[in-house]
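Enquirer: So here's protein05.pdb, just PDB, C-alpha atoms:
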```
ATOM      1  CA  MET X 353      -2.611 -12.490  12.344
ATOM      2  CA  LYS X 354       0.340 -10.379  13.502
ATOM      3  CA  GLU X 355       1.836  -7.472  11.574
ATOM      4  CA  ASN X 356       5.009  -9.367  10.612
ATOM      5  CA  GLU X 357       2.990 -12.238   9.162
ATOM      6  CA  ILE X 358       0.872  -9.808   7.138
ATOM      7  CA  ALA X 359       3.980  -7.942   5.971
ATOM      8  CA  LYS X 360       5.600 -11.192   4.832
ATOM      9  CA  ILE X 361       2.575 -11.993   2.667
ATOM     10  CA  ALA X 362       2.467  -8.407   1.353
ATOM     11  CA  VAL X 363       6.139  -8.542   0.313
ATOM     12  CA  ASP X 364       5.698 -11.967  -1.260
ATOM     13  CA  VAL X 365       2.733 -10.754  -3.316
ATOM     14  CA  ALA X 366       4.599  -7.594  -4.350
ATOM     15  CA  TYR X 367       7.618  -9.650  -5.428
ATOM     16  CA  HIS X 368       5.409 -12.040  -7.402
ATOM     17  CA  LEU X 369       3.681  -9.167  -9.213
ATOM     18  CA  HIS X 370       6.973  -7.399  -9.926
ATOM     19  CA  THR X 371       8.595 -10.503 -11.404
ATOM     20  CA  SER X 372       5.451 -11.409 -13.368
ATOM     21  CA  LEU X 373       4.549  -7.978 -14.726
ATOM     22  CA  GLY X 374       7.796  -6.020 -14.663
ATOM     23  CA  PRO X 375       7.964  -2.234 -14.660
ATOM     24  CA  GLY X 376       6.083   0.299 -16.741
ATOM     25  CA  LEU X 377       2.434  -0.080 -15.759
ATOM     26  CA  LEU X 378       0.367   2.608 -14.102
ATOM     27  CA  GLU X 379       0.161   2.612 -10.313
ATOM     28  CA  SER X 380      -3.605   2.001 -10.532
ATOM     29  CA  VAL X 381      -3.007  -1.269 -12.422
ATOM     30  CA  TYR X 382      -0.474  -2.513  -9.878
ATOM     31  CA  GLN X 383      -2.849  -1.538  -7.060
ATOM     32  CA  GLU X 384      -5.814  -3.412  -8.508
ATOM     33  CA  LEU X 385      -3.787  -6.561  -9.088
ATOM     34  CA  TYR X 386      -2.030  -6.313  -5.723
ATOM     35  CA  VAL X 387      -5.336  -6.019  -3.868
ATOM     36  CA  TYR X 388      -6.754  -8.923  -5.875
ATOM     37  CA  LYS X 389      -3.805 -11.174  -4.922
ATOM     38  CA  LEU X 390      -3.933 -10.135  -1.245
ATOM     39  CA  ARG X 391      -7.648 -10.900  -1.059
ATOM     40  CA  GLU X 392      -7.036 -14.186  -2.849
ATOM     41  CA  ARG X 393      -4.796 -15.100   0.099
ATOM     42  CA  GLY X 394      -7.690 -14.419   2.470
ATOM     43  CA  LEU X 395      -6.648 -10.999   3.787
ATOM     44  CA  PHE X 396      -9.067  -8.167   4.548
ATOM     45  CA  VAL X 397      -7.926  -5.292   2.340
ATOM     46  CA  GLU X 398      -9.179  -1.710   2.073
ATOM     47  CA  THR X 399      -8.089   0.833  -0.512
ATOM     48  CA  GLU X 400      -7.871   4.613  -0.530
ATOM     49  CA  VAL X 401      -8.626   4.908   3.179
ATOM     50  CA  ASN X 402      -8.856   8.488   4.433
ATOM     51  CA  VAL X 403      -6.810   9.237   7.528
ATOM     52  CA  PRO X 404      -7.655  12.376   9.481
ATOM     53  CA  VAL X 405      -4.892  14.880   9.984
ATOM     54  CA  ILE X 406      -5.043  17.011  13.106
ATOM     55  CA  PHE X 407      -3.568  20.473  12.708
ATOM     56  CA  GLU X 408      -4.022  23.294  15.207
ATOM     57  CA  GLU X 409      -6.674  21.200  16.993
ATOM     58  CA  LYS X 410      -8.751  20.867  13.807
ATOM     59  CA  HIS X 411      -9.501  17.581  12.088
ATOM     60  CA  PHE X 412      -9.002  17.441   8.328
ATOM     61  CA  THR X 413     -10.624  14.208   7.161
ATOM     62  CA  SER X 414      -9.402  13.866   3.597
ATOM     63  CA  SER X 415      -5.910  15.279   3.904
ATOM     64  CA  PHE X 416      -4.111  11.937   3.713
ATOM     65  CA  GLN X 417      -5.139   8.762   1.955
ATOM     66  CA  ILE X 418      -3.660   5.301   2.474
ATOM     67  CA  ASP X 419      -3.276   3.393  -0.809
ATOM     68  CA  ILE X 420      -3.801  -0.026   0.788
ATOM     69  CA  LEU X 421      -4.620  -1.022   4.363
ATOM     70  CA  ILE X 422      -4.286  -4.731   5.150
ATOM     71  CA  GLU X 423      -6.148  -6.243   8.111
ATOM     72  CA  LYS X 424      -6.323  -2.735   9.641
ATOM     73  CA  LYS X 425      -2.668  -3.213  10.639
ATOM     74  CA  VAL X 426      -0.306  -2.800   7.673
ATOM     75  CA  ILE X 427      -0.170   0.271   5.429
ATOM     76  CA  ILE X 428       1.054  -0.017   1.848
ATOM     77  CA  GLU X 429       1.957   3.107  -0.113
ATOM     78  CA  LEU X 430       2.382   2.174  -3.767
ATOM     79  CA  LYS X 431       4.791   3.911  -6.099
ATOM     80  CA  SER X 432       5.254   3.294  -9.782
ATOM     81  CA  VAL X 433       8.299   5.344 -10.697
ATOM     82  CA  GLU X 434      11.290   4.914 -12.960
ATOM     83  CA  THR X 435      13.783   6.007 -10.310
ATOM     84  CA  ILE X 436      13.604   6.010  -6.515
ATOM     85  CA  LEU X 437      14.241   9.515  -5.233
ATOM     86  CA  PRO X 438      15.178  10.553  -1.686
ATOM     87  CA  VAL X 439      11.583  11.716  -1.103
ATOM     88  CA  HIS X 440      10.384   8.097  -1.602
ATOM     89  CA  LYS X 441      12.621   6.685   1.121
ATOM     90  CA  ASN X 442      11.405   6.069   4.660
ATOM     91  CA  LYS X 443      12.629   8.721   7.102
ATOM     92  CA  PHE X 444      11.608   6.853  10.273
TER
END
```
Just dump the structure as structure tokens.

Expert:
Amino acid sequence: MKENEIAKIAVDVAYHLHTSLGPGLLESVYQELYVYKLRERGLFVETEVNVPVIFEEKHFTSSFQIDILIEKKVIIELKSVETILPVHKNKF
């Protein structure tokens, strides 16, 4: 499955959860339900995956953690906040 196909499913599941549950729950609750629904659709999903950070030629193994990794291709960073701040927006 290609990245765009995975992303389409991921967005669809996120939309479904948002419209069903609404705001106000803890991030951990949204994550558990999101992973459940992704797996229900047959996707391979990992959570809290450590990504090594290389700084000054040294590897730091637990410096960054991916919330959700789908099919080893799509990264999901969950946020459960009342207001989106500039720090939450993609800078790429």

Enquirer: Any chance you could resolve the PyMOL selection byres ((chain X and resi 365-372) around 8) against this file and give the residues as an NGL selection string?

Expert: :X and (361-364 or 373-375 or 382 or 385-386 or 389-390)

Enquirer: Have a look at CA of Glu379 (chain X) and CA of Ile406 (chain X) and let me know their distance in Å, one decimal.

Expert: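 We find that CA of Glu379 (chain X) and CA of Ile406 (chain X) lie 28.0 Å from each other.
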
Enquirer: Would you please work out which residue, of X:Arg391, X:Val397, X:Glu423, X:Glu434, is nearest to Asn356 (chain X) when using all atoms listed in the file?

Expert: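 Once distances to Asn356 (chain X) are computed over all atoms listed in the file, the minimum belongs to X:Glu423.
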
Enquirer: For the file shown, report as a PyMOL selection string the outcome of the PyMOL selection byres ((chain X and resi 415) around 10) at residue level.

Expert: chain X and resi 402-406+411-414+416-417

Enquirer: Going by the chain IDs and residue numbers used in this file, which residues fall under the PyMOL selection byres ((chain X and resi 396) around 12)? Write them as a list of chain:residue names.

Expert: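 Against this file, the PyMOL selection byres ((chain X and resi 396) around 12) returns the residues X:Met353, X:Ile358, X:Ala362, X:Val387, X:Tyr388, X:Lys389, X:Leu390, X:Arg391, X:Glu392, X:Arg393, X:Gly394, X:Leu395, X:Val397, X:Glu398, X:Thr399, X:Ile420, X:Leu421, X:Ile422, X:Glu423, X:Lys424, X:Lys425, X:Val426.
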
Enquirer: Excluding same-chain residues fewer than 2 positions from Asp419 (chain X), what lies within 8 Å of it counting all atoms listed in the file, as a list of chain:residue names?

Expert: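 Near Asp419 (chain X), the qualifying residues are X:Gln383, X:Thr399, X:Glu400, X:Val401, X:Gln417, X:Leu421, X:Ile427, X:Ile428, X:Glu429, X:Leu430.
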
Enquirer: Between CA of Ala359 (chain X) and CA of Val439 (chain X), what distance in Å does the model show, to one decimal?

Expert: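 For CA of Ala359 (chain X) relative to CA of Val439 (chain X), the distance reads 22.2 Å.
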
Enquirer: Between X:Glu355, X:Ser432, X:Glu409, X:Lys360, which residue has the minimum interatomic distance to Leu377 (chain X), considering only C-alpha atoms?

Expert: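 Counting only C-alpha atoms, the residue closest to Leu377 (chain X) is X:Ser432.
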
Enquirer: Edge lengths and centre in Å to one decimal, as AutoDock Vina command-line options, is what I'm after for the box along x, y and z that holds all listed atoms of region 367-381 of chain X once 5 Å is added on each side.

Expert:
```
--center_x 2.5 --center_y -4.7 --center_z -11.1 --size_x 22.2 --size_y 24.7 --size_z 21.3
```
